[in-house]
Every structure is written in C-alpha cells, then in structure tokens.
Number of protein chains: 2
Amino acid sequence: MTGEQMAEGTFAGETQRVIIEHVTPEVDNGRYAVKRLAGETVHVEADIFCDGHEELRAFILYKRAEETEWKHEPLTLQWNDHWYGDFTLEEPGSYVYKIEAWIDRFGTWLRDLQKRVEAGQDVAIELQVGSALMKQALRGLTGDDFERLNQRADALTRPDWPQLARVGIAFEVVSSELMALHGPRDPLTTYDVGQHITVDRAKAGFSAWYEVFPRSTAPAGQVGTFKTTMDWLPYISGMGFDVLYFPPIHPIGEINRKGANNAEKGEEWEPGSPWAIGSAEGGHTTVNPDLGTLDDFKALVAAAQQHGMEIALDIAYQCAPDHPWVKQHPEWFKHRPDGSIRYAENPPKLYQDIYPIDFETRDRAGLWKALEDVVRFWVEQGVRIFRVDNPHTKAFAFWQYMIANVKRDFPDVLFLAEAFTRPRTMEHLAKLGFSQSYTYFTWRNTKWELATYMDELTNTDIREYFRPNFWPNTPDILHESLQDGGRPAFVSRFMLAATLSSNYGIYGPAFELCVNQPRENGSEEYLNSEKYEVKHWDLDQSHSLRDYITLINKARRENTALQYTNNVRFLDPDGEHVLSYYKISPDGTNRILVMVNLDYSAGHSAAFWLPLEDMGLSRGEEFYVDDLLKGTTETWRGDRQMINLHPGDTQVRLLRLRTWQEANSGS
Amino acid sequence: MTGEQMAEGTFAGETQRVIIEHVTPEVDNGRYAVKRLAGETVHVEADIFCDGHEELRAFILYKRAEETEWKHEPLTLQWNDHWYGDFTLEEPGSYVYKIEAWIDRFGTWLRDLQKRVEAGQDVAIELQVGSALMKQALRGLTGDDFERLNQRADALTRPDWPQLARVGIAFEVVSSELMALHGPRDPLTTYDVGQHITVDRAKAGFSAWYEVFPRSTAPAGQVGTFKTTMDWLPYISGMGFDVLYFPPIHPIGEINRKGANNAEKGEEWEPGSPWAIGSAEGGHTTVNPDLGTLDDFKALVAAAQQHGMEIALDIAYQCAPDHPWVKQHPEWFKHRPDGSIRYAENPPKLYQDIYPIDFETRDRAGLWKALEDVVRFWVEQGVRIFRVDNPHTKAFAFWQYMIANVKRDFPDVLFLAEAFTRPRTMEHLAKLGFSQSYTYFTWRNTKWELATYMDELTNTDIREYFRPNFWPNTPDILHESLQDGGRPAFVSRFMLAATLSSNYGIYGPAFELCVNQPRENGSEEYLNSEKYEVKHWDLDQSHSLRDYITLINKARRENTALQYTNNVRFLDPDGEHVLSYYKISPDGTNRILVMVNLDYSAGHSAAFWLPLEDMGLSRGEEFYVDDLLKGTTETWRGDRQMINLHPGDTQVRLLRLRTWQEANSGS
C-alpha cells in the first residue's frame with residue numbers, strides 16, 4: 001500500500017499480514033546498486049514478522065538482471081523477528097535480489113500440535129486440521145510427491161490407527177519437507193524495491209596503482225614514448241604494482257597551451273598539459289603522435305599484461321580549443337552572447353586551454369553517445385580500467401547511463417572517480433556506478449582524523465557502494481605533510497595508504513623518490529610540475545623507497561587480511577603519535593598488525609593492548625610475530641605489548657601474528 | 001529513474017541534475033506517516049546538491065491530504081549540502097509534504113558576476129548573459145512584474161550607461177526577488193515519496209490516564225454503575241487526571257464465564273471478565289445493563305468533561321460464545337473440522353470464554369465494516385479516545401484501514417495500542433496509525449534499563465511515529481518491583497512514569513492505594529484480580545498516594561518541560577541507585593530536574609554534574625531551585641551538586657531551576 005492509499009483508508013481487498021523491513025544490504029531504498037566482488041558472499045538481513053502468532057518462512061530470491069529465472073536461498077530467524085541468509089555471486093555482472101516471506105500454516109499447526117501432545121490433550125480434531133492442510137497442498141500436484149503427501153494426509157485421520165502413530169506421521173521430517181515444497185504460500189509478501197547488486201571482478205576490491213607520465217620515461221634529452229615506457233615495466237611491476245595508470249595520451253591542444261608551472265602562455269616548444277585534450281591531430285580516440293602509434297600503445301598494453309599489470313587510461317571529458325569536436329559539434333559547448341565559446345572557469349579564474357562540455361546541450365543524445373564511444377573505443381583496444389577526471393563537473397545522469405551501458409557489455413570494466421569535492425557528491429558518484437573513488441585520505445593526517453575517516457568509510461552505509469582508493473600523492477596534490485616531513489613522512493603515508501585501504505596508488509617516480517618541493521609555500525602543486533613538463537628520472541637514487549614499496553606490495557599479495565578495507569580495527573596505543581590497527585582475513589587465519597609513527601621528526605614508544613580473543617589468539621600461549629619488513633620472527637605472549645618507532649630506523653611496522661599451530665603446520 | 005531503468009542504462013531524455021536525499025522527518029521512505037501535534041513546527045532537513053558548481057534553491061511544499069493547493073516554505077543551506085526549513089501545522093488532520101529544488105541560474109550568474117567584478121574584469125558580455133536570463137523569465141509574464149523585470153533586462157545592456165551602474169542593477173534586491181519568483185526552475189527535482197504527517201490534537205502528546213472499573217465504584221454490598229462512577233469524578237479529577245479509561249462496558253458473556261482469580265468455571269453470581277464481550281443482551285455497541293443505560297453513559301461522559309476529563313473506552317475485538325455476532329455471522333469465526341468454533345488459545349492453553357475473530361474470513365469487507373462501525377458508534381456517543389486491546393493479534397491491514405477511515409472524519413479521535421509483544425510489532429502498529437502505545441516501561445527498572453529504553457524511544461526514528469504511554473501498573477501487570485518494594489516503589493515508579501513520559505497512566509485505585517499482592521509468587525497477576533470481581537475501595541487510607549499524585553500532575557500542567565517526552569536528558573550521578581534526568585521546554589525557559597531513588601529499601605546520596613550551559617544557566621551565578629513537592633525554594637551555585645534520597649522521606653525529587661532574572665520577574 002502506498003502512502004497515498006494509506007491516507008485514503010480505502011478497504012484493501014488483500015491484507016498484507018507479513019511485513020518485511022530494515023533490509024540490508026540496500027542503498028537508498030533500492031534506488032542504487034550495492035557493490036560486491038565476484039565470488040563474494042552477500043549477507044542479507046531483514047526484520048520479518050506478521051500479525052498474530054503464526055510461524056513464518058522466508059527466502060532470498062536473486063538472479064542476473066538479464067535472466068528470468070530466480071535462484072533462492074533460505075533466510076533463518078535469529079531473534080526478535082530478525083532474519084539472515086547468504087548467497088554467493090560468482091561472476092561479474094548486474095544482479096537483482098528480493099525477499100519473499102509467507103505464513104507457514106503447516107509449521108504453525110505442527111508447533112501447536114507438539115504443545116498439545118506434550119500437554120496430554122486429545123488431538124483427534126487437530127489431526128483432521130493437519131490432514132486438511134495436506135490435502136490443500138495436493139491441488140495441482142502429481143506423481144511421487146502427490147502419492148506420498150496423499151498417503152500421509154489420509155493416515156492422519158485413519159480411525160483404525162492409534163492417535164500416537166498418527167501424530168508420528170505428522171512429525172516425520174518428510175511431511176514437513178513436502179509441505180515446505182508444496183504447501184500454500186498464502187499470504188505471501190514480496191519485498192522488491194528493485195535492489196541491484198553490481199558484481200565486479202576482484203581487482204575492483206584489491207589493486208595497487210602506479211601513475212606515470214609516458215613522456216617522462218626517456219633518458220635526458222629525449223621525450224618518452226610508449227616504447228620507452230615499455231622499458232620501465234620491470235621496474236614498476238618489480239615493485240609489485242598491478243595497475244599502471246597514464247594521464248591522457250591524446251594530442252595536446254596547441255591553442256592557449258600552458259607553459260611550465262601552469263604559465264598562462266607556454267613557449268612554442270613546451271609540451272602542454274595532457275589534460276588539454278585534442279588538436280588538429282585528433283581528439284579523445286587518437287594517440288598523441290609524440291608518444292607513438294595506436295599499435296605501439298596496444299603493444300604496451302600486451303607487454304604490461306605480461307608483467308602482471310593492466311593499463312588504466314584517463315577519461316577527461318573536456319576539449320582544447322583546437323579539439324576536432326569544437327568545429328564538428330559546436331553545439332556541444334556553451335556559447336557566450338558574443339558568439340565565443342565559454343572557457344573552463346572558476347570565476348574569476350579562466351582556464352583558456354580548455355573548453356568544458358555542455359552536458360545540457362540540445363544534442364544530448366548525440367553527445368552522450370559520442371562520450372560513451374570514447375570509452376568503448378579504448379575498451380576495444382584492450383583497456384579495462386579508466387580513471388575519470390573530475391566527474392563531479394559533468395552530468396550525474398550521464399555517468400549512470402554510460403557506466404551501466406558499458407558494463408552491461410563488458411562487466412569487467414572498472415571506473416575510478418577522481419572527484420575531490422564535497423562528501424555527498426563523492427558518495428553520489430559512487431552510487432551512480434563508479435567502481436572505486438579517490439578520497440580525502442591525503443588530507444587526513446592525525447590519529448583522530450584517520451580513525452574517524454576510516455570509521456565513516458567502513459562502518460556506515462557508504463561501505464556498500466563506495467570503494468576507497470587511497471593516494472598519498474597525485475600530480476595535483478603534494479600535501480604539506482610530505483613537504484615538511486620528508487622521507488619519514490613518505491614512509492608512513494605509504495604504509496597507511498597501502499594497508500588501510502585494499503586499493504591504493506601513488507604518482508611515481510615522484511613518490512618513491514620523495515620529491516617534495518612545492519611550487520610555492522602554502523601550495524599543494526609540485527614545483528616544476530610534470531603536468532606541464534617532460535621529466536627525466538634517476539630511479540636508482542639511494543633514498544628511493546623502491547625496496548620498501550616492494551616489501552609492502554609483497555605482503556599485500558601474500559596476506560589476505562590486507563586485501564580488504566572494511567575489516568580494519570583500530571587499537572589505541574598511548575599518545576597522539578602512533579596509529580595502530582589490525583586486519584583479519586574473513587577465514588580468521590591471517591592477522592596483520594600495523595603500527596605507524598605519525599611524527600616525522602621524533603621517535604615514540606607506545607604501549608597498547610591486543611584484543612587477543614577477537615584476533616583468535618590465546619591469552620596464555622605464545623604466538624609468533626613475523627616482521628614482514630625485516631623478515632624476522634619473534635614470539636610474544638599476553639595482550640599488553642610495547643613498541644618503539646623511530647623516523648631514522650623503524651618508522652613503521654608491519655607484523656603478521658600466528659598461533660603456534662599455524663606457525664608449525666607450514667601455513 | 002528506478003533501479004530497473006538504471007540497470008538498463010537507457011538514455012534518459014531528461015537529466016536529473018539536482019539530488020535530494022536523506023530527508024527527515026520520514027518513516028520507512030514515506031511508507032508510513034510521521035506524527036506531530038497541532039500547532040507544532042515540523043523541522044525538515046535534507047541533503048540537496050547537484051553536479052557542477054551552480055547555486056540551488058529549495059522549498060518545502062505541504063498541504064492537507066484532501067486539498068489541492070500547496071503551501072511552501074524555503075529551505076536554507078546549512079553546510080556540506082545540508083539544508084533545513086520549518087513549517088507549522090495548526091489543525092489536526094492528515095497532511096503531505098514534499099521538497100522541490102532547482103538550479104538557480106540567476107543566482108549562480110550573480111555569484112560569479114560578483115567575483116568577476118571584484119577581480120576588476122570587464123563584464124560587458126556577462127551582463128548580456130544576465131539580461132538574457134531576465135528576458136527568459138518574462139515569458140508568460142504580464143503587468144507590473146513584467147515591466148519591472150523588462151526594464152532591468154534592458155538596463156543591463158544599455159550601451160549609454162556606465163558598466164558599474166549596470167552592475168548595480170544586477171545586484172538590486174528587487175532583481176533577485178523578481179527572478180526568484182519568475183525565473184526558470186529548470187531542471188527541477190521533486191522529492192515526493194508521498195510522505196504523510198498525521199497531526200493530532202494536543203492530548204495525543206500530553207495526557208494523564210486513570211483506569212477504573214465502573215462496577216467497583218459503589219460502596220460495599222452494591223455493584224457500581226455509571227451513576228456511582230459519577231461520584232468518583234471529583235476524586236479522580238482532583239488528582240489531576242484528564243483521561244478516564246474504562247475496561248469494556250458491554251454485556252459480559254454467560255457461557256463459560258470465568259470465576260474469581262481466573263477460575264475456569266465461575267459461579268452463577270460471579271460478574272465475569274469485562275473482556276468476554278457479548279451476551280443475549282447485546283455486543284460491542286450495547287451497554288451492560290448492570291452499569292446502567294446508554295443515556296447514563298452519555299451523562300457520565302458529559303459530567304467527566306465538566307471535570308476536565310475525557311472518557312476513553314476499551315476496544316476489544318473478541319466475542320464471548322453468546323455474543324450476538326456468533327449466531328448472526330458464524331463466518332467471522334474460525335471453525336474446526338467438527339463444526340465447533342475455535343476458542344481463543346495459546347496452545348496448550350484454552351480461553352473458553354472468548355472466541356477470537358477470524359480476520360481472514362471470506363466476508364472481510366463485511367467484518368471490517370462492522371468493526372469500524374463499533375468505533376463510529378461510540379464516537380457518536382461523544383467518545384474520542386480508545387484504548388485498543390491486543391491489536392497485535394488482529395490484522396495489521398485492518399488497523400491501517402480503520403484508523404485512517406475514522407480519523408478522516410474525526411481527526412480528533414485517538415487510539416492507544418495495548419500491544420505487549422515484540423518490538424518490531426509494537427513499532428509497526430504505531431506506524432499503522434495508533435496515536436499512543438503501551439511500552440516496556442513496566443519491565444524497565446534499573447538505571448541502565450531505563451536510560452537505554454528512553455534513548456531508543458527518543459533518539460531513534462521511533463520518535464517520529466511512536467508516542468509512548470507509560471503505565472507503572474495495569475489490571476494485568478503487577479510488576480515484582482511493586483510487589484517487593486511497597487510504597488517507596490510506588491512513589492518512584494509513579495515519578496518515573498509521569499515525568500519520563502508526557503503520556504502516562506495508572507490503574508487505580510489499586511495504584512494509589514499501593515495494592516501489591518500477587519495471585520501467587522512469581523505471577524504478575526493481582527490476587528483476587530478486579531478483572532473477575534467487583535471491588536469496594538476505601539479511598540481515604542492514610543498511605544494513599546493521592547496527595548503526591550496531585551502534586552505531580554499539577555507540576556506537569558504548570559511546567560511545559562514535562563509536556564514533552566523527547567526532550568529528556570540523563571545526568572549520571574554516582575552509583576546504580578539514583579536515576580536523574582532533566583527536561584527543558586522548547587523555548588528554553590522551563591527547566592525541570594528529576595531525581596529518583598531506585599532502591600526501595602535504603603537511602604542514597606549521589607553527587608552529580610549539572611550541564612549548566614545546556615540548561616541555560618550561568619556557571620558563576622546563583623540560580624533558584626523550586627522543590628515542586630515540598631513547595632520550598634533554595635539557591636544553588638555551580639555545576640557540582642549533591643543530593644540525598646531516602647525511602648522513608650525524600651524518595652524522589654522534582655525540582656524547577658530558574659535564573660535570578662526569571663525568579664524575580666514574576667515568571
């Protein structure tokens with residue numbers, strides 16, 4: 001009954017006796033999809049109850065969105081009308097689920113019969129009631145089940161059988177099973193708000209990204225290309241990254257091209273920003289000839305794959321003034337009364353190397369199709385991961401349309417939303433279909449900030465649809481903690497990103513080489529930002545974090561506990577400087593403990609309590625502690641422990657805790 | 001877009017740019033009505049945001065359900081896309097509300113214009129943009145507003161005027177006002193889940209109930225009637241009660257009539273239970289002739305009104321075996337295979353003086369109409385409050401239908417749900433329309449139990465639709481705390497009921513006379529329960545709580561703070577024995593502090609902190625503390641206070657806190 005009908009107070013021909021409410025997982029009453037990974041179990045909970053005192057039955061029904069046949073799993077009553085159940089979705093795709101519950105007339109009768117029998121009452125008439133319920137279930141039934149049920153229905157009322165024998169028939173398991181299958185499901189309540197589940201492949205939930213500018217992969221004096229980038233693959237994959245993300249690889253606009261440090265007018269020879277997309281040479285589906293050919297790119301995709309990495313491309317829906325679309329489709333851009341096209345702007349600032357796209361154009365159908373085709377083009381070239389630039393400045397409805405469309409044909413495609421904006425907008429983009437999202441991690445630095453933010457991400461509704469991807473730096477963001485904290489800050493921030501979140505990324509080699517000079521004081525921009533220049537990197541500097549990063553990525557791969565985000569639990573060591581948390585794998589056997597010094601200039605020791613019981617460890621017994629950075633193993637006993645962290649030496653610790661049995665069974 | 005459409009990824013002709021979500025107040029996504037009192041302000045909050053960076057406008061629209069014209073109030077942006085606004089509903093009835101929000105093109109243009117002007121940019125072309133926006137708003141406009149807007153649109157682009165003067169026109173308040181009225185509201189998003197608001201008269205939120213058996217209002221040797229009940233009105237209203245509730249007043253069945261202490265077979269002369277409704281003399285619309293005539297009853301209703309009290313009747317939809325409906329409508333009852341009607345039962349227990357009604361009867365329309373007509377009959381006799389017996393054992397859908405139907409014609413009718421069952425069911429009955437609800441209060445006795453329960457009732461969604469009514473006793477429930485605790489327990493439990501909840505009631509005179517003998521040990525039934533016997537009460541016993549109750553009801557009437565439930569805030573005095581809380585009136589000027597000793601056999605002193613700032617009191621200044629039980633006034637200073645409570649003397653305290661100014665301005 002809708003609210004409108006309710007207020008009318010009209011007589012409802014049917015009476016809904018069973019109520020299903022408080023269903024989880026669910027996003028905004030079913031308006032947006034819940035996200036899960038392939039092979040993951042969906043744990044459903046609901047409050048289910050009815051008027052009166054009858055017994056209920058309840059089932060989860062689920063299917064792929066495009067299929068017609070529903071599968072089902074039972075729901076089980078926990079307590080206080082709260083039910084739970086599970087089902088597993090093996091393949092990426094779009095699924096729906098709903099819940100059905102009904103009054104179990106036979107089960108209710110059986111429950112009451114038992115009480116009557118136990119109280120020594122004559123149940124002759126009650127057995128007639130049960131028999132009638134069985135007879136009712138016979139309608140439309142044939143074959144074996146008909147025979148078996150019919151025999152039992154008759155037996156319940158056989159005057160020549162002793163009552164106790166007839167009661168025995170009622171209590172046979174097979175009677176209940178037959179009635180569960182064939183008994184009436186009336187009145188039936190269906191909870192169906194159209195709840196969708198988007199199932200993604202594993203990488204949506206566990207990934208290590210490395211952002212690199214292909215044009216900066218050549219030795220000094222040269223401009224990098226897809227070919228020179230190929231030479232970097234062993235270096236990057238050697239550190240353990242599995243997603244290699246490139247800023248836009250398209251021709252860069254020549255009109256109003258930016259110069260070094262975002263100078264308004266670049267020199268003729270300057271390369272410009274890759275995000276000023278399009279020139280006479282082509283637009284969003286063209287490869288910048290300076291980087292090579294489309295075939296070079298495809299060769300790079302294949303080579304990366306051999307190194308265990310996927311290429312992620314940047315989708316930045318905006319155009320340089322000389323992008324072909326500006327002439328072909330002027331109606332896709334906003335015009336001013338003087339006939340000029342409106343530049344991108346954040347008044348009073350103007351971005352004269354970019355025209356934003358007008359998503360409210362009258363040719364919305366044509367524009368949206370063209371934008372979707374950009375993604376489809378790169379999907380056809382073998383790309384399956386896209387990092388989307390500033391999605392919050394484009395139409396919400398477009399993302400919902402485009403992502404659903406592409407994923408229906410290619411369920412393995414993933415989209416990362418680069419929206420650094422207000423929380424409701426970031427959440428909404430995730431609801432619209434983005435597989436992963438950039439976060440506020442960069443600006444969460446104190447113990448309180450980090451714990452509070454993780455709590456918001458992992459213990460609220462947000463966890464159902466928003467998969468965080470933690471970046472300690474990007475080409476746009478050099479946080480002051482890195483500027484001021486130097487290498488110890490890089491060490492701590494990397495540990496936090498890579499172990500708090502199962503998805504994380506760095507912008508390299510600036511990160512591992514600890515580049516931390518801002519354009520000016522108070523700025524988060526890099527000095528001589530790579531966004532406007534070709535760089536040449538010396539990867540073999542002694543202060544490089546390469547080995548450290550390699551160890552942590554190895555630990556992530558080898559320890560299931562680190563492959564989840566929502567399993568983080570914080571400890572509370574003394575003082576403000578040490579952040580500590582642990583993660584346990586779903587099966588309970590892999591336990592990782594992380595300690596991070598948030599002070600980048602001084603050491604701290606901190607005492608803390610380990611919740612041994614929660615961790616599956618025994619209070620009285622020794623357990624093994626593997627230091628995954630040092631490669632050593634020690635034994636601890638008891639829940640009160642003490643740890644020393646120091647910027648010069650042990651700024652962070654990454655520990656695995658094992659029981660004696662686990663350590664000695666080769667696991 | 002529904003979830004189904006979303007998964008389709010179809011191209012949406014319209015793009016929804018503005019998102020409205022997290023709307024409060026709302027019950028189950030608009031499925032059930034929010035409850036408010038007449039004259040109360042409805043405070044609405046919502047998250048409202050759009051893609052891009054434009055300015056928004058948002059309004060609340062509301063109306064009576066049966067009207068067509070919407071009224072509106074603006075929503076105001078607080079921070080982080082969170083908006084709030086208020087509207088007030090003056091009359092009882094059923095209302096709906098929704099939210100509209102749209103992109104404010106003119107406001108956005110004005111915001112950007114200001115930034116451009118401040119940066120010293122030439123805004124000639126921008127003024128053309130603004131002029132065009134105004135011209136757009138002219139469409140369909142006539143008269144004065146057309147003239148004023150047209151003039152301004154022209155002025156913005158007049159080449160002979162200096163730019164600064166034209167900018168001045170843009171910033172005129174009247175320009176914004178005209179554009180707010182007539183500017184395009186495109187794209188518009190409407191949040192309309194059919195959210196209803198049931199507005200009840202004040203008594204739904206603030207009431208003191210007294211339950212009495214009319215048959216027990218006569219002196220010894222006689223059976224009480226409506227006429228003898230009239231003699232009791234000064235006594236009951238003198239204590240300050242304003243709802244006088246009678247158990248069923250209908251003929252009592254003679255077949256299988258219960259005897260004293262629920263004996264299965266009563267003697268011929270025994271009066272039976274009033275809840276075994278119906279005999280040859282009539283059913284639910286007949287007055288038990290032993291109590292008098294319908295005219296007697298109506299005279300009593302009128303007399304009660306003169307004493308400031310309303311009569312509440314009991315609606316118990318069940319029939320004694322000799323109820324006229326059993327013969328007239330056998331199809332309204334469940335039959336067993338032997339043709340007999342099924343008694344009420346809770347297997348293996350049988351209640352042979354009652355037949356339950358079969359809400360699943362094929363003649364649902366006829367039955368529901370007859371049941372509704374019972375209520376309508378008593379409404380026509382002047383009754384406006386009904387206490388509904390065991391509604392959870394009757395069809396959910398019936399209550400929704402009946403209550404909406406009756407309240408549409410009589411918005412001042414109130415229903416109290418007597419459902420002592422599991423939490424989801426009790427909540428659901430309130431969602432279906434019950435104005436007030438019995439609670440678990442009787443079984444919440446420790447400090448932790450009481451504070452936790454109040455938190456659940458007042459700080460969760462439940463507060464939007466569930467109005468608690470606290471009863472320390474009923475004819476069915478004599479809690480062991482009263483059995484064991486004696487008079488001090490009655491004192492404490494009464495204070496708790498009457499000051500924690502703005503709606504409360506007692507079953508008297510058993511309560512004020514501290515009757516506390518159970519039928520047997522471990523039972524919550526009264527010994528010689530009035531349910532099965534005629535009683536004769538000596539109201540003048542010295543241990544009566546009459547004077548104490550009178551004082552508390554007076555305090556409730558005189559202190560607005562006590563006329564609300566959701567404003568309760570707990571203090572945390574030392575120890576387990578003293579419960580303390582305060583309430584502040586909506587306007588902040590009335591402050592009530594309550595201290596209750598939960599130990600009925602020993603005294604306790606407790607130190608506690610007063611949150612002076614929250615209470616609107618100054619740390620440094622003295623404030624006045626009126627003892628509303630003793631009639632004395634003292635002064636306190638500072639937030640650390642100490643209090644002594646003792647069963648023999650000051651078992652509870654009821655204090656009003658006033659500032660010096662308030663105390664000395666005659667308020």
# chains A, B, ... in the order shown; residues from 1 in each chain; ligands from 1

$ residues_around --residues "Glu634 in chain A" --least-positions-apart "6" --cutoff "7 Å" --atoms "only C-alpha atoms" --output "PyMOL selection string"
chain A and resi 624-626

$ closest_atom_pairs --of "chain B" --to "chain A" --cutoff "6 Å" --atoms "only C-alpha atoms" --output "tab-separated table"
residue	atom	partner	partner_atom	distance
B:Gly3	CA	A:Arg31	CA	5.1
B:Gly9	CA	A:Tyr401	CA	4.6
B:Thr15	CA	A:Ala397	CA	5.4
B:Arg31	CA	A:Gly3	CA	5.1
B:Asp51	CA	A:His392	CA	5.5
B:Gly52	CA	A:Thr393	CA	4.2
B:Asp112	CA	A:Pro347	CA	5.7
B:Lys115	CA	A:Pro348	CA	5.6
B:Arg116	CA	A:Pro348	CA	4.9
B:Gly194	CA	A:Gly3	CA	5.4
B:Pro347	CA	A:Asp112	CA	5.7
B:Pro348	CA	A:Arg116	CA	4.9
B:His392	CA	A:Asp51	CA	5.5
B:Thr393	CA	A:Gly52	CA	4.2
B:Ala395	CA	A:Asp51	CA	5.9
B:Phe396	CA	A:Asp51	CA	6.0
B:Ala397	CA	A:Thr15	CA	5.4
B:Tyr401	CA	A:Gly9	CA	4.6
B:Ala404	CA	A:Gly9	CA	4.8
B:Asn405	CA	A:Gly9	CA	5.0

$ residues_around --residues "Tyr343 in chain B" --least-positions-apart "2" --cutoff "7 Å" --atoms "only C-alpha atoms" --output "MDAnalysis selection string"
chainID B and resid 341 345 350:352 354:356

$ write_last_selection --atoms "N, CA and C atoms" --output "mmCIF file, in the first residue's frame"
data_model
loop_
_atom_site.group_PDB
_atom_site.id
_atom_site.type_symbol
_atom_site.label_atom_id
_atom_site.label_comp_id
_atom_site.auth_asym_id
_atom_site.auth_seq_id
_atom_site.Cartn_x
_atom_site.Cartn_y
_atom_site.Cartn_z
ATOM 1 N N ILE B 341 -16.685 -23.810 16.971
ATOM 2 C CA ILE B 341 -15.870 -22.611 16.757
ATOM 3 C C ILE B 341 -14.637 -22.724 17.629
ATOM 4 N N GLU B 345 -6.851 -19.312 22.024
ATOM 5 C CA GLU B 345 -5.927 -20.248 22.663
ATOM 6 C C GLU B 345 -4.486 -19.806 22.464
ATOM 7 N N LEU B 350 -6.278 -22.896 26.724
ATOM 8 C CA LEU B 350 -7.538 -22.561 26.055
ATOM 9 C C LEU B 350 -8.231 -21.441 26.821
ATOM 10 N N TYR B 351 -8.822 -20.497 26.119
ATOM 11 C CA TYR B 351 -9.592 -19.438 26.784
ATOM 12 C C TYR B 351 -11.043 -19.613 26.370
ATOM 13 N N GLN B 352 -11.769 -20.391 27.162
ATOM 14 C CA GLN B 352 -13.084 -20.835 26.690
ATOM 15 C C GLN B 352 -14.186 -19.795 26.845
ATOM 16 N N ILE B 354 -13.882 -16.923 25.363
ATOM 17 C CA ILE B 354 -13.674 -15.999 24.239
ATOM 18 C C ILE B 354 -13.486 -16.732 22.917
ATOM 19 N N TYR B 355 -14.159 -16.245 21.883
ATOM 20 C CA TYR B 355 -13.856 -16.628 20.505
ATOM 21 C C TYR B 355 -13.084 -15.482 19.854
ATOM 22 N N PRO B 356 -11.912 -15.753 19.276
ATOM 23 C CA PRO B 356 -11.239 -14.689 18.518
ATOM 24 C C PRO B 356 -11.945 -14.489 17.181
#
